[in-house]
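*Asks:* Shown below is the structure under consideration.
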Amino acid sequence: MHGVPYASHADMKAASFEYIEVFSNRKRLHSTLGYRSPVQFLENWIRQHPQENLPA
């Protein structure tokens, strides 16, 4: 990924997973979420729902 050498295939897979699942998906705008990032969508949802209605 981006010219970085990895010691093993497992290291490369772990770095790829972290980039896709942790960085990219949390920042990337999703059309199904109204072109907001998942973090923006969740923050908005939490603001709209009182804490007492959330499961423990």
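As shown in the structure tokens, the chain order sets the letters A, B, ...; within each chain, residues go from 1, and ligands are also counted from 1 in the order they appear.
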Mind checking which residues fall within 9 Å of region 39-54 of chain A, counting only C-alpha atoms, ignoring those fewer than 5 positions away in the same chain, and posting them as an MDAnalysis selection string?
*Replies:* chainID A and resid 26:27 33:34
*Asks:* So which residues of chain A fall under alpha helix (DSSP H) by DSSP, listed as a VMD selection string?
*Replies:* chain A and resid 9 to 17 25 to 27 38 to 48
*Asks:* Just the number, please: distance in Å from CA of Ser37 (chain A) to CA of Ile20 (chain A), one decimal.
*Replies:*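 CA of Ile20 (chain A) lies 13.5 Å from CA of Ser37 (chain A).
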